[in-house]
Each structure stands twice: as C-alpha cells, then as structure tokens.
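Trainee: Dropping in run-v2.cif, with mmCIF, C-alpha atoms.
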data_query
loop_
_atom_site.label_atom_id
_atom_site.label_comp_id
_atom_site.auth_asym_id
_atom_site.auth_seq_id
_atom_site.Cartn_x
_atom_site.Cartn_y
_atom_site.Cartn_z
CA MET A 1 -23.58 -20.97 -4.38
CA ARG A 2 -23.36 -18.75 -1.34
CA HIS A 3 -20.43 -16.81 -2.78
CA LEU A 4 -20.73 -17.50 -6.51
CA PRO A 5 -21.28 -13.88 -7.69
CA TYR A 6 -18.28 -12.69 -5.68
CA MET A 7 -16.14 -15.34 -7.34
CA VAL A 8 -17.46 -14.31 -10.75
CA ALA A 9 -16.49 -10.71 -9.98
CA ALA A 10 -12.99 -11.73 -8.87
CA TRP A 11 -12.59 -13.93 -11.98
CA LEU A 12 -13.63 -11.10 -14.30
CA LEU A 13 -11.21 -8.71 -12.65
CA LEU A 14 -8.30 -11.09 -13.04
CA ILE A 15 -9.13 -12.09 -16.60
CA GLY A 16 -9.54 -8.43 -17.56
CA LEU A 17 -6.13 -7.64 -16.12
CA TYR A 18 -4.67 -10.64 -17.94
CA GLY A 19 -6.04 -9.21 -21.16
CA VAL A 20 -4.50 -5.81 -20.45
CA VAL A 21 -1.09 -7.30 -19.62
CA THR A 22 -0.81 -9.65 -22.59
CA SER A 23 -2.43 -7.49 -25.24
CA ARG A 24 -0.82 -6.73 -28.61
CA ASN A 25 -3.29 -4.06 -29.67
CA LEU A 26 -4.27 -0.91 -27.84
CA VAL A 27 -7.95 -1.13 -28.73
CA HIS A 28 -8.05 -4.69 -27.37
CA THR A 29 -6.50 -3.39 -24.14
CA ILE A 30 -9.22 -0.80 -23.71
CA THR A 31 -12.02 -3.33 -24.09
CA CYS A 32 -10.37 -5.65 -21.56
CA LEU A 33 -10.16 -2.71 -19.18
CA SER A 34 -13.91 -2.24 -19.48
CA VAL A 35 -14.40 -5.92 -18.63
CA ALA A 36 -12.32 -5.42 -15.48
CA GLN A 37 -14.47 -2.40 -14.63
CA SER A 38 -17.67 -4.39 -14.98
CA SER A 39 -16.50 -6.75 -12.25
CA THR A 40 -16.99 -3.93 -9.73
CA TYR A 41 -20.60 -3.51 -10.82
CA ILE A 42 -21.24 -7.18 -10.18
CA LEU A 43 -19.65 -7.02 -6.74
CA LEU A 44 -21.63 -3.92 -5.73
CA LEU A 45 -24.97 -5.31 -6.82
CA SER A 46 -24.31 -8.69 -5.21
CA VAL A 47 -23.71 -7.03 -1.88
CA GLY A 48 -26.99 -5.18 -2.10
CA PHE A 49 -29.20 -8.03 -3.28
CA GLU A 50 -31.88 -9.43 -1.00
CA ARG A 51 -33.43 -12.76 -1.90
CA GLY A 52 -37.14 -12.30 -2.47
CA GLY A 53 -36.91 -8.54 -2.73
CA THR A 54 -38.33 -6.50 -5.56
CA ALA A 55 -36.98 -3.43 -7.32
CA PRO A 56 -36.84 -0.33 -5.07
CA ILE A 57 -39.55 1.52 -6.99
CA PHE A 58 -42.74 2.08 -5.04
CA LEU A 59 -45.17 3.33 -7.67
CA ASP A 60 -47.52 0.37 -7.62
CA VAL A 61 -46.28 -1.65 -4.67
CA PRO A 62 -46.88 -0.29 -1.19
CA VAL A 63 -44.00 1.14 0.79
CA GLY A 64 -42.71 -1.51 3.11
CA THR A 65 -42.46 -4.37 0.61
CA LYS A 66 -39.10 -6.05 0.81
CA ALA A 67 -36.84 -4.45 -1.80
CA VAL A 68 -33.19 -4.57 -2.75
CA ASP A 69 -30.71 -1.92 -1.76
CA PRO A 70 -31.11 1.32 -3.77
CA VAL A 71 -27.76 2.84 -2.80
CA VAL A 72 -25.62 0.36 -4.75
CA GLY A 73 -27.94 0.75 -7.74
CA ALA A 74 -27.44 4.49 -7.66
CA LEU A 75 -23.66 4.10 -7.47
CA THR A 76 -23.57 1.60 -10.32
CA LEU A 77 -25.74 3.34 -12.88
CA THR A 78 -23.75 6.56 -12.94
CA ASP A 79 -20.57 4.53 -12.97
CA ILE A 80 -21.57 2.65 -16.12
CA VAL A 81 -22.20 5.77 -18.19
CA VAL A 82 -19.10 7.55 -16.96
CA GLY A 83 -16.95 4.46 -17.54
CA ALA A 84 -17.97 4.40 -21.18
CA THR A 85 -16.97 8.04 -21.59
CA VAL A 86 -13.56 7.41 -20.08
CA SER A 87 -13.14 4.48 -22.48
CA ALA A 88 -13.87 6.93 -25.30
CA LEU A 89 -11.07 9.15 -24.01
CA LEU A 90 -8.70 6.18 -24.03
CA LEU A 91 -9.77 5.31 -27.58
CA ALA A 92 -9.00 8.88 -28.69
CA LEU A 93 -5.53 8.48 -27.18
CA ALA A 94 -5.10 5.21 -29.08
CA VAL A 95 -6.17 6.85 -32.36
CA GLN A 96 -3.64 9.63 -31.91
CA ALA A 97 -0.90 7.17 -30.94
CA ASP A 98 -1.59 5.21 -34.09
CA LYS A 99 -1.51 8.36 -36.15
CA HIS A 100 1.89 9.38 -34.88
CA HIS A 101 3.62 6.05 -34.62
CA GLY A 102 1.90 4.02 -37.32
CA SER A 103 1.11 1.08 -35.09
CA LEU A 104 -1.28 0.05 -32.33
CA ASP A 105 1.11 -2.53 -30.92
CA PRO A 106 2.31 -1.61 -27.41
CA GLU A 107 5.62 -3.35 -28.08
CA ARG A 108 6.33 -0.93 -30.93
CA LEU A 109 5.17 2.18 -29.14
CA GLY A 110 7.88 1.98 -26.54
CA LYS A 111 10.43 4.23 -28.19
CA ALA A 112 9.10 7.69 -28.86
CA GLN A 113 11.98 9.17 -30.81
CA ASP A 114 12.20 6.71 -33.72
CA ASP A 115 10.36 8.81 -36.24
CA MET B 1 -35.00 -19.15 -9.64
CA ILE B 2 -31.76 -20.53 -8.31
CA VAL B 3 -31.12 -22.25 -11.63
CA LEU B 4 -31.72 -18.98 -13.45
CA GLU B 5 -29.31 -17.09 -11.24
CA VAL B 6 -26.53 -19.66 -11.43
CA SER B 7 -26.80 -20.00 -15.19
CA VAL B 8 -26.73 -16.22 -15.66
CA PHE B 9 -23.62 -15.90 -13.52
CA LEU B 10 -21.82 -18.63 -15.42
CA LEU B 11 -22.88 -17.06 -18.73
CA VAL B 12 -21.47 -13.70 -17.60
CA ALA B 13 -18.16 -15.29 -16.61
CA ALA B 14 -17.95 -17.14 -19.93
CA ALA B 15 -18.83 -14.03 -21.96
CA GLY B 16 -16.24 -11.94 -20.12
CA THR B 17 -13.60 -14.55 -20.81
CA ALA B 18 -14.64 -14.61 -24.46
CA VAL B 19 -14.23 -10.83 -24.72
CA VAL B 20 -10.66 -11.02 -23.43
CA LEU B 21 -9.67 -14.04 -25.51
CA THR B 22 -10.91 -12.49 -28.79
CA ARG B 23 -7.77 -10.84 -30.07
CA ASP B 24 -8.95 -9.07 -33.19
CA PRO B 25 -10.51 -5.75 -32.10
CA LEU B 26 -13.22 -5.80 -34.74
CA ASN B 27 -14.52 -9.19 -33.60
CA GLN B 28 -14.04 -8.13 -30.02
CA ALA B 29 -16.42 -5.19 -30.45
CA ILE B 30 -19.25 -7.57 -31.37
CA VAL B 31 -18.46 -9.92 -28.49
CA ALA B 32 -18.34 -6.93 -26.15
CA SER B 33 -21.80 -5.92 -27.32
CA PHE B 34 -23.08 -9.40 -26.50
CA TYR B 35 -21.34 -9.23 -23.12
CA GLY B 36 -23.08 -5.93 -22.41
CA LEU B 37 -26.43 -7.51 -23.18
CA VAL B 38 -25.77 -10.52 -20.94
CA LEU B 39 -24.67 -8.19 -18.15
CA GLY B 40 -27.92 -6.25 -18.60
CA ILE B 41 -29.86 -9.49 -18.20
CA MET B 42 -27.92 -10.22 -15.02
CA PHE B 43 -28.79 -6.82 -13.63
CA PHE B 44 -32.42 -7.63 -14.35
CA VAL B 45 -32.14 -10.83 -12.34
CA TYR B 46 -30.73 -8.64 -9.57
CA GLN B 47 -33.98 -6.64 -9.49
CA ALA B 48 -32.19 -3.42 -10.52
CA PRO B 49 -34.00 -2.15 -13.65
CA ASP B 50 -32.30 1.27 -13.66
CA VAL B 51 -28.90 -0.31 -13.81
CA ALA B 52 -30.03 -2.79 -16.48
CA LEU B 53 -31.35 0.05 -18.66
CA SER B 54 -28.12 1.95 -18.27
CA GLN B 55 -25.99 -1.09 -19.06
CA ILE B 56 -27.95 -2.10 -22.16
CA ALA B 57 -27.90 1.42 -23.57
CA VAL B 58 -24.20 1.92 -22.90
CA GLY B 59 -22.60 -1.50 -23.02
CA ALA B 60 -24.47 -2.90 -25.98
CA VAL B 61 -24.69 0.24 -28.12
CA ALA B 62 -22.46 3.15 -27.15
CA LEU B 63 -19.24 1.35 -26.24
CA PRO B 64 -19.03 -0.99 -29.29
CA LEU B 65 -19.93 2.02 -31.44
CA MET B 66 -16.95 3.98 -30.19
CA ILE B 67 -14.65 1.00 -30.62
CA LEU B 68 -15.82 0.61 -34.23
CA LEU B 69 -15.36 4.32 -34.92
CA ALA B 70 -11.83 4.26 -33.54
CA LEU B 71 -11.06 1.18 -35.63
CA ALA B 72 -12.46 2.87 -38.75
CA LYS B 73 -10.07 5.74 -38.26
CA VAL B 74 -7.12 3.45 -37.62
CA ARG B 75 -7.88 1.38 -40.73
CA ALA B 76 -8.20 4.50 -42.86
CA LEU B 77 -4.67 5.52 -41.98
CA GLY B 78 -2.79 2.63 -43.43
CA GLY B 79 -5.05 0.03 -44.96
CA ASP B 80 -5.54 -3.29 -43.27
CA ARG B 81 -2.36 -3.94 -41.35
CA ARG B 82 -2.06 -7.34 -39.74
CA ASP B 83 0.52 -6.55 -37.12
CA ASP B 84 -1.89 -6.78 -34.22
CA ARG B 85 -2.30 -10.55 -33.74
CA MET C 1 10.94 -7.63 -20.61
CA THR C 2 9.80 -10.16 -23.15
CA PRO C 3 6.09 -10.93 -23.48
CA ALA C 4 6.55 -14.48 -22.22
CA LEU C 5 8.35 -13.30 -19.09
CA ARG C 6 5.70 -10.66 -18.52
CA ARG C 7 2.97 -13.27 -18.77
CA ARG C 8 4.68 -15.50 -16.26
CA VAL C 9 5.22 -12.69 -13.77
CA PHE C 10 1.61 -11.69 -14.16
CA LEU C 11 0.34 -15.22 -13.58
CA VAL C 12 2.27 -15.44 -10.32
CA ALA C 13 0.93 -12.07 -9.17
CA ALA C 14 -2.60 -12.98 -10.27
CA ALA C 15 -2.45 -16.22 -8.32
CA VAL C 16 -1.51 -14.36 -5.16
CA ALA C 17 -4.10 -11.64 -5.76
CA GLY C 18 -6.73 -14.25 -6.60
CA ALA C 19 -6.05 -16.13 -3.38
CA LEU C 20 -6.34 -12.94 -1.36
CA LEU C 21 -9.55 -11.96 -3.16
CA VAL C 22 -11.16 -15.34 -2.59
CA TRP C 23 -10.16 -15.28 1.07
CA GLY C 24 -11.56 -11.78 1.52
CA LEU C 25 -14.74 -12.30 -0.47
CA THR C 26 -15.75 -15.44 1.38
CA GLY C 27 -15.88 -13.32 4.50
CA LEU C 28 -18.76 -11.30 3.10
CA PRO C 29 -22.34 -12.20 4.07
CA ASP C 30 -23.91 -14.91 1.94
CA TYR C 31 -25.26 -13.80 -1.40
CA GLY C 32 -28.96 -13.00 -1.04
CA VAL C 33 -28.79 -12.07 2.63
CA TYR C 34 -28.75 -8.32 3.02
CA ALA C 35 -27.09 -7.26 6.25
CA GLY C 36 -26.63 -3.51 6.13
CA PRO C 37 -29.25 -1.10 7.45
CA TYR C 38 -29.06 1.70 4.89
CA GLY C 39 -31.06 0.06 2.14
CA ASP C 40 -33.93 -0.85 4.43
CA VAL C 41 -33.97 2.58 6.07
CA LEU C 42 -33.99 4.37 2.73
CA ASN C 43 -36.71 2.14 1.32
CA GLN C 44 -38.91 2.96 4.30
CA VAL C 45 -38.46 6.73 4.43
CA ALA C 46 -37.52 7.92 0.94
CA VAL C 47 -40.98 7.93 -0.59
CA ALA C 48 -42.48 9.81 2.34
CA GLU C 49 -39.64 12.28 2.70
CA ARG C 50 -38.94 13.16 -0.92
CA LYS C 51 -42.23 12.08 -2.55
CA ALA C 52 -40.27 10.26 -5.27
CA ALA C 53 -41.51 6.80 -6.22
CA ASN C 54 -38.14 5.72 -7.61
CA VAL C 55 -35.89 5.43 -4.57
CA VAL C 56 -32.79 4.92 -6.73
CA ALA C 57 -33.40 8.31 -8.37
CA ALA C 58 -33.93 9.88 -4.95
CA VAL C 59 -30.62 8.44 -3.78
CA THR C 60 -28.78 9.54 -6.92
CA PHE C 61 -30.02 13.10 -7.07
CA ASP C 62 -30.96 13.93 -3.51
CA TYR C 63 -29.41 11.85 -0.78
CA ARG C 64 -26.11 11.54 -2.65
CA GLY C 65 -26.38 14.47 -5.02
CA ILE C 66 -22.79 15.62 -4.60
CA ASP C 67 -21.48 12.25 -5.85
CA THR C 68 -23.59 12.57 -8.99
CA MET C 69 -22.26 16.05 -9.57
CA GLY C 70 -18.74 14.66 -9.42
CA GLU C 71 -19.65 11.87 -11.85
CA GLU C 72 -21.22 14.35 -14.22
CA PHE C 73 -18.06 16.40 -14.23
CA ILE C 74 -15.96 13.32 -14.93
CA LEU C 75 -18.12 12.82 -18.01
CA PHE C 76 -17.71 16.47 -18.97
CA ALA C 77 -13.94 16.32 -18.55
CA ALA C 78 -13.65 13.11 -20.56
CA VAL C 79 -15.63 14.59 -23.46
CA LEU C 80 -13.46 17.71 -23.22
CA GLY C 81 -10.37 15.51 -23.38
CA VAL C 82 -11.64 13.73 -26.49
CA ALA C 83 -12.44 17.05 -28.16
CA ILE C 84 -8.93 18.31 -27.46
CA LEU C 85 -7.19 15.08 -28.50
CA LEU C 86 -9.07 14.71 -31.77
CA ARG C 87 -8.82 18.29 -33.00
CA ALA C 88 -7.17 18.84 -36.36
CA GLN C 89 -3.41 18.91 -36.06
CA ARG C 90 -1.26 21.48 -37.76
CA ASP C 91 -0.54 19.45 -40.88
CA GLU C 92 -4.05 18.16 -41.41
CA THR C 93 -6.80 19.69 -43.51
CA GLU C 94 -10.54 19.50 -43.14
CA GLN C 95 -12.55 18.29 -46.11
CA PRO C 96 -16.30 18.26 -45.50
CA PRO C 97 -17.71 15.00 -46.83
CA ASP C 98 -19.94 16.52 -49.47
CA GLU C 99 -17.03 18.04 -51.35
CA ASP C 100 -15.06 14.98 -52.35
CA ALA C 101 -18.04 13.01 -53.57
CA ALA C 102 -16.32 12.33 -56.88
CA ASP C 103 -13.67 10.01 -55.48
CA ARG C 104 -15.38 8.56 -52.44
CA HIS C 105 -15.34 4.80 -52.48
CA ALA C 106 -17.77 4.24 -49.63
CA PRO C 107 -20.85 2.30 -50.76
CA GLY C 108 -24.17 4.01 -50.21
CA THR C 109 -26.42 2.61 -47.55
CA SER C 110 -29.21 0.34 -48.74
CA ASN C 111 -32.73 1.64 -48.86
CA ALA C 112 -33.93 -0.80 -46.23
CA VAL C 113 -31.43 0.54 -43.68
CA ARG C 114 -32.35 4.12 -44.49
CA VAL C 115 -36.07 3.56 -44.15
CA VAL C 116 -35.83 1.64 -40.89
CA GLY C 117 -33.31 4.03 -39.42
CA LEU C 118 -35.22 7.16 -40.21
CA ALA C 119 -38.55 5.62 -39.24
CA LEU C 120 -37.18 4.63 -35.85
CA LEU C 121 -35.70 8.07 -35.23
CA GLY C 122 -38.92 9.64 -33.98
CA PRO C 123 -39.86 6.84 -31.54
CA VAL C 124 -36.29 6.68 -30.19
CA VAL C 125 -36.13 10.41 -29.48
CA LEU C 126 -39.59 10.30 -27.92
CA PHE C 127 -38.61 7.32 -25.79
CA GLY C 128 -35.46 9.11 -24.68
CA ILE C 129 -37.44 12.16 -23.60
CA TYR C 130 -39.89 9.88 -21.76
CA VAL C 131 -37.10 8.10 -19.90
CA VAL C 132 -35.49 11.39 -18.90
CA THR C 133 -38.64 13.06 -17.65
CA HIS C 134 -40.07 10.04 -15.79
CA GLY C 135 -36.89 9.24 -13.93
CA HIS C 136 -38.41 9.81 -10.55
CA LEU C 137 -41.42 7.60 -11.21
CA SER C 138 -40.15 4.54 -13.07
CA PRO C 139 -36.76 3.09 -13.94
CA GLY C 140 -34.81 5.65 -15.88
CA GLY C 141 -33.46 9.10 -15.36
CA GLY C 142 -31.05 11.53 -16.86
CA PHE C 143 -28.16 9.15 -17.49
CA GLN C 144 -30.11 6.41 -19.22
CA GLY C 145 -32.35 8.78 -21.17
CA GLY C 146 -29.39 10.84 -22.32
CA VAL C 147 -27.73 7.79 -23.83
CA VAL C 148 -30.98 6.80 -25.56
CA LEU C 149 -31.26 10.31 -27.02
CA ALA C 150 -27.72 10.13 -28.33
CA THR C 151 -28.63 6.84 -30.00
CA GLY C 152 -31.08 8.85 -32.10
CA ALA C 153 -28.21 10.85 -33.54
CA LEU C 154 -26.42 7.58 -34.19
CA LEU C 155 -29.44 6.33 -36.17
CA VAL C 156 -29.23 9.38 -38.43
CA TYR C 157 -25.57 8.67 -39.11
CA LEU C 158 -26.19 4.96 -39.74
CA SER C 159 -28.85 5.81 -42.28
CA GLY C 160 -26.16 7.51 -44.29
CA GLU C 161 -27.21 11.05 -43.56
CA TYR C 162 -24.09 12.36 -41.91
CA VAL C 163 -24.25 15.63 -43.81
CA THR C 164 -27.83 16.11 -42.64
CA LEU C 165 -26.80 15.32 -39.10
CA ARG C 166 -24.16 18.01 -39.17
CA ARG C 167 -26.66 20.50 -40.46
CA VAL C 168 -29.47 19.62 -38.07
CA SER C 169 -27.47 19.62 -34.86
CA PRO C 170 -24.35 21.69 -35.48
CA GLU C 171 -21.41 21.39 -33.20
CA LEU C 172 -22.01 24.73 -31.52
CA LEU C 173 -25.48 23.70 -30.44
CA THR C 174 -24.24 20.40 -29.04
CA ASP C 175 -21.47 22.18 -27.17
CA LEU C 176 -24.00 24.57 -25.71
CA ALA C 177 -26.32 21.75 -24.69
CA GLU C 178 -23.58 19.90 -22.90
CA SER C 179 -22.22 22.94 -21.13
CA THR C 180 -25.70 24.04 -20.08
CA GLY C 181 -26.27 20.61 -18.60
CA ALA C 182 -23.08 20.67 -16.62
CA ALA C 183 -23.58 24.21 -15.36
CA GLY C 184 -27.27 23.63 -14.72
CA TYR C 185 -26.51 21.05 -12.07
CA VAL C 186 -24.46 23.55 -10.11
CA ALA C 187 -27.12 26.21 -10.70
CA VAL C 188 -29.80 23.98 -9.15
CA GLY C 189 -27.50 23.43 -6.21
CA LEU C 190 -27.04 27.16 -5.81
CA VAL C 191 -30.82 27.61 -5.83
CA GLY C 192 -30.77 25.56 -2.64
CA VAL C 193 -28.21 27.93 -1.15
CA ALA C 194 -30.20 30.97 -2.24
CA ALA C 195 -33.30 29.58 -0.57
CA GLY C 196 -31.53 29.44 2.75
CA ALA C 197 -30.79 25.70 2.91
CA THR C 198 -27.60 23.85 2.01
CA PHE C 199 -26.12 23.28 -1.46
CA LEU C 200 -28.23 20.84 -3.52
CA ALA C 201 -30.99 20.77 -0.90
CA ASN C 202 -34.40 19.81 -2.22
CA VAL C 203 -36.16 23.18 -1.89
CA LEU C 204 -38.75 23.04 -4.69
CA PRO C 205 -42.33 21.99 -3.79
CA LEU C 206 -42.50 18.25 -3.29
CA GLY C 207 -46.02 17.39 -4.46
CA GLN C 208 -47.49 13.88 -4.31
CA PRO C 209 -45.55 10.72 -5.12
CA GLY C 210 -46.58 9.37 -8.49
CA MET C 211 -47.33 12.67 -10.13
CA LEU C 212 -45.10 13.97 -12.89
CA LEU C 213 -44.45 17.25 -11.07
CA SER C 214 -43.25 15.89 -7.76
CA ALA C 215 -40.08 15.26 -5.81
CA GLY C 216 -38.84 18.83 -5.95
CA THR C 217 -35.47 19.25 -7.62
CA ILE C 218 -35.17 15.60 -8.72
CA PRO C 219 -36.94 15.95 -12.12
CA VAL C 220 -35.08 19.20 -12.76
CA LEU C 221 -31.76 17.49 -12.11
CA ASN C 222 -32.87 14.60 -14.32
CA LEU C 223 -33.50 17.02 -17.18
CA VAL C 224 -30.18 18.76 -16.70
CA VAL C 225 -28.22 15.53 -16.53
CA GLY C 226 -30.09 14.15 -19.55
CA LEU C 227 -29.13 17.23 -21.54
CA GLU C 228 -25.52 16.88 -20.56
CA VAL C 229 -25.21 13.16 -21.21
CA ALA C 230 -26.98 13.42 -24.58
CA GLY C 231 -24.85 16.39 -25.62
CA GLY C 232 -21.71 14.62 -24.43
CA PHE C 233 -22.31 11.41 -26.34
CA VAL C 234 -23.35 13.22 -29.54
CA LEU C 235 -20.17 15.27 -29.26
CA LEU C 236 -18.15 12.06 -28.89
CA LEU C 237 -19.85 10.70 -32.00
CA TYR C 238 -18.96 13.90 -33.86
CA GLU C 239 -15.34 13.91 -32.87
CA PHE C 240 -14.76 10.33 -33.94
CA LEU C 241 -16.73 10.75 -37.17
CA GLU C 242 -14.89 13.92 -38.04
CA GLN C 243 -11.62 12.12 -37.58
CA THR C 244 -12.73 9.40 -39.93
CA LEU C 245 -14.67 11.30 -42.55
CA VAL C 246 -13.45 14.85 -42.56
CA ILE C 247 -9.90 15.36 -41.34
CA ARG C 248 -7.21 14.26 -43.77
CA ARG C 249 -3.48 14.05 -43.38
CA PRO C 250 -1.43 14.80 -46.48
CA GLY C 251 -1.31 11.62 -48.52
CA GLU C 252 -4.03 9.73 -46.64
CA VAL C 253 -6.50 7.47 -48.45
CA THR C 254 -10.22 7.65 -47.84
#
Mind turning the file's structure into structure tokens?
Mentor:
Amino acid sequence: MRHLPYMVAAWLLLIGLYGVVTSRNLVHTITCLSVAQSSTYILLLSVGFERGGTAPIFLDVPVGTKAVDPVVGALTLTDIVVGATVSALLLALAVQADKHHGSLDPERLGKAQDD
Amino acid sequence: MIVLEVSVFLLVAAAGTAVVLTRDPLNQAIVASFYGLVLGIMFFVYQAPDVALSQIAVGAVALPLMILLALAKVRALGGDRRDDR
Amino acid sequence: MTPALRRRVFLVAAAVAGALLVWGLTGLPDYGVYAGPYGDVLNQVAVAERKAANVVAAVTFDYRGIDTMGEEFILFAAVLGVAILLRAQRDETEQPPDEDAADRHAPGTSNAVRVVGLALLGPVVLFGIYVVTHGHLSPGGGFQGGVVLATGALLVYLSGEYVTLRRVSPELLTDLAESTGAAGYVAVGLVGVAAGATFLANVLPLGQPGMLLSAGTIPVLNLVVGLEVAGGFVLLLYEFLEQTLVIRRPGEVT
C-alpha cells in the first residue's frame, strides 16, 4: 500500500510499451502511447499527494490548511492537453500513411518503394 | 478512504490493460474514453480538481473523438479492410 | 525480425526495466507523506503574494509562466503540423458537402440527437467561458475551458450541421483566434518588460483575492490560453472532418 500508485504507474508504462511493440495497427499504437503517457501523470500526482490534505484552492478555506502540492498539478494539467494534441498529429501521420500505402499495418509499411 | 484509494488504483491499472489488449481500434476508442473517465476519478481522489477537469475534457471526449475521425477517414478509403487483427 | 521474436526480446527488456523501476520507485517516500518543501511554501505565500485563490493557476501562469508558454507553443506547433499534413494533395479535389447531396449515403441524424445537441450548445459555450474566466478563483483555467469550448463546436457537428458549422466559424476566423492566442501570451510577457520588470512578470494591479478582477496578469493569460486552445482544437476538428467529408481522391467512395 505504501508504494501502490508508483507500481501502478510502472505497470501502465510497461503495458503501454508492450502495446506499441506488438501492435498490428497504427491507430492502436497511438492509443497505447497515450496510455504510457498517462503513467507519468499518475507518478507526478502520487509524489505530490499529502494524506489529509485538501485541494490547493483557498477561496473558502483559510490559507494555512493542509493542502496537496500545487506544482505537480500545474505540470500535469498542461501536459494532458498538449499530449492530446500531439496524439492528433500522430493520427494525421497515420491517415496519410494509410492513404499512400493502403494499409495501417506496420509490418506492411516497411518498404516505401513498392507502389 | 483507504479502500476507495486502493480500488481506484486497481481499476485504473485494469482499465489501462484493457485499452492495450483491445486490438480493434474502433472498440479501443470507447475503452479509451472509459479509461479517461476512470483516470479523472482518480485525479479527484488525489484532491486535484484542475487536473481532473482537464483529463475528463480531453481524455474522455477530445482524444476518442480524434481517433474516431481518423478511423472514419481510413475506412472511407478502402471499405472495411480486416487486415489489422 | 519476426513479430514473435520481437515480442520475446521486448519481454526480456521489459523485465529488466520493470525490475529497475520497482527498485527505484520503492526508494521514494511513502505514498501520502509529502516530503518536499515547495508545495508547502507555495501554499503559504501564493495567495498573499499574487492575490490568486487558485494556487495551481498561480503556479501555471505566474511562478512557472515560461513553462506554460513552451507548452502552449507545443500545442500550436502540433496543430500546425496537422494542418500541413492534412492539406489537399496535388491529385485530390475538394467537394464541399452540400454539393454532392444527390449521392450521399450517410443517414441523417435523428431528431432527438439534433434537439439535444443544439439545446446543449448554449450551456456548453457558457460553461466554457465561465471556466476560462474563473481560472484564478476555482478549478479551471485556459486549458480546461478551451477544450470545453471546442466541445461546443463538436456538438454542432454531431447534430448534423457541419455545413452550418463551416459557415458560422470559418477557417480563417479559427486560424486568427489560435494565432492571436499564441501571440497574446508573448505580448503579455512583453508588457512586463515594457513596465520595467522581467518577461512575464505580474505587473497589472493585483486586487483582492476572490474578486474576478484580481491576480494581475493571470486572468489575462487564462483568456489568451483559452482562445488558443479552443481555436486549436476546433482547427483539429476541421482538418479531420475535411479529410473525411470534403477532400476526395480520384475514384474514392464516400
């Protein structure tokens, strides 16, 4: 229990990479890559969590109440939005690859001069 | 509280595994949307509402949307090819 | 390298990496025990220094504003990349969707979906504007609110009104919105330089924490980032939809 979230983050990273390595479809690869990315969010937020702390927003609680770390929250929330945009870029690449080679299978995309 | 945290972590691990093990991209988009929602719940348990809002908006809506749009374009090019199992 | 061999090599490498990860991660402090000083220091001083009730927003746009500028430009560059990749190639033609209505096989959307989608459009856009403008007071901000605003455009498309969507928010306007957002961030930073302080310093009047007009440049940066993220995601939606609905290769079926 003391290190459970860290183990979950490590497991998600490894299973995401397994999905990328053994994938037969480019779109499937991109989604597995986003799973591997989400493991970093879990690790960051686990490091910053304080048991018994509240959210670091002091509108109706007085300053000085125990709260969780705001820095990791700031890092994670921009990362999530930007990660989705980069996934969109990868999906555009996959669409163009399919258009030019007729297949989304990475095994068949190896040779570029066939057609 | 401890029970809630442990069960949410295990649910996240299981949902992530399910996303990877779903091979068909169309089904995977739906599972990825569910995974985004579960991850948002976990961020809530972590007392980080900003991050949870961001994750639910992006991971449950925007990312599966883009996957589905890319798949729609790919399917329009050559019908329903079954070479991606 | 056959797939089976690749899988085996990967499993060996993953076992080694997994062992190293577990060994390293068990050296971290226990989950739930926060050791570092920065979070506690920031929670104590941020509200008094920057008069922003949401400390996460203060960290994103003030204490670590340069990082957010970098993230925003990653988003801008990725959307630019998608726009370049999905432009019409030399042998493709563009057929706007209202011109080939005779042979379109797509089923029309049901009335229930249209009514719900269009009825929810107003509340979603309003909610997005609320999240963007109240980023320094409650959970939210430019990034989250921008995505919610882009979901409004998605609702219009899902209700079957793609032609209306193109007419209401044409591509030029979306391009302008996104570029203004990206440039606006740098402009706010340069305001800090012009006022005699450093780049991205918080030089506007700070006000009282809890009021809508407080925290100096933080709400301005929220607005700018919200504009950019909303414009970026709507542009992504456009590019993918144009690929599917509008651009045709010779001999391609609908």
Trainee: Just so the selection is clear, what residues does the PyMOL selection byres ((chain C) within 10 of (chain B)) cover here, as a VMD selection string?
Mentor: chain C and resid 32 54 56 to 57 131 135 138 to 141 143 to 148 150 to 151 154 233 236 to 237 239 to 245 248 to 249 251 to 254
Trainee: I'd like to know which of C:Leu42, C:Leu235, C:Val156, C:Leu11 is closest to Ala67 in chain A, using only C-alpha atoms.
Mentor: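 So, comparing all the options, the nearest one is C:Leu42.
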Trainee: Taking all atoms listed in the file into account and nothing else, which residues of chain C lie no more than 7 Å away from chain A? Please answer as a PyMOL selection string.
Mentor: chain C and resi 7+14+21-22+25-26+30-34+39+43-44+53-56+59-60+71+74-75+78-79+81-82+85-86+137-138+143+210
Trainee: Just give me the gap between CA of Thr29 in chain A and CA of Leu39 in chain B in Å, one decimal is fine.
Mentor: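 According to the coordinates, CA of Thr29 in chain A and CA of Leu39 in chain B are separated by 19.7 Å.
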Trainee: Determine the nearest neighbour of chain A from the options B:Asn27, B:Ser7, B:Gln47, B:Ser33, counting all atoms listed in the file.
Mentor: B:Gln47
Trainee: Kindly add N, CA and C atoms to the incomplete range 38-50 of chain C and provide the output as a short mmCIF file (atom, residue, chain, number, x, y, z; two decimals), in the frame of the given file.
Mentor:
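Final file, rebuild.cif:
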data_model
loop_
_atom_site.label_atom_id
_atom_site.label_comp_id
_atom_site.auth_asym_id
_atom_site.auth_seq_id
_atom_site.Cartn_x
_atom_site.Cartn_y
_atom_site.Cartn_z
N TYR C 38 -28.72 0.50 5.65
CA TYR C 38 -29.06 1.70 4.89
C TYR C 38 -30.13 1.47 3.85
N GLY C 39 -30.07 0.33 3.18
CA GLY C 39 -31.06 0.06 2.14
C GLY C 39 -32.46 -0.01 2.71
N ASP C 40 -32.60 -0.72 3.83
CA ASP C 40 -33.93 -0.85 4.43
C ASP C 40 -34.43 0.49 4.94
N VAL C 41 -33.54 1.27 5.56
CA VAL C 41 -33.97 2.58 6.07
C VAL C 41 -34.43 3.47 4.93
N LEU C 42 -33.64 3.50 3.85
CA LEU C 42 -33.99 4.37 2.73
C LEU C 42 -35.28 3.92 2.07
N ASN C 43 -35.47 2.60 1.94
CA ASN C 43 -36.71 2.14 1.32
C ASN C 43 -37.93 2.54 2.14
N GLN C 44 -37.77 2.60 3.47
CA GLN C 44 -38.91 2.96 4.30
C GLN C 44 -39.22 4.44 4.22
N VAL C 45 -38.19 5.30 4.24
CA VAL C 45 -38.46 6.73 4.43
C VAL C 45 -38.41 7.55 3.15
N ALA C 46 -37.78 7.04 2.07
CA ALA C 46 -37.52 7.92 0.94
C ALA C 46 -38.80 8.41 0.28
N VAL C 47 -39.77 7.52 0.12
CA VAL C 47 -40.98 7.93 -0.59
C VAL C 47 -41.72 8.99 0.21
N ALA C 48 -41.75 8.83 1.52
CA ALA C 48 -42.48 9.81 2.34
C ALA C 48 -41.72 11.11 2.44
N GLU C 49 -40.39 11.04 2.52
CA GLU C 49 -39.64 12.28 2.70
C GLU C 49 -39.53 13.09 1.43
N ARG C 50 -39.21 12.42 0.31
CA ARG C 50 -38.94 13.16 -0.92
C ARG C 50 -40.06 13.04 -1.93
#
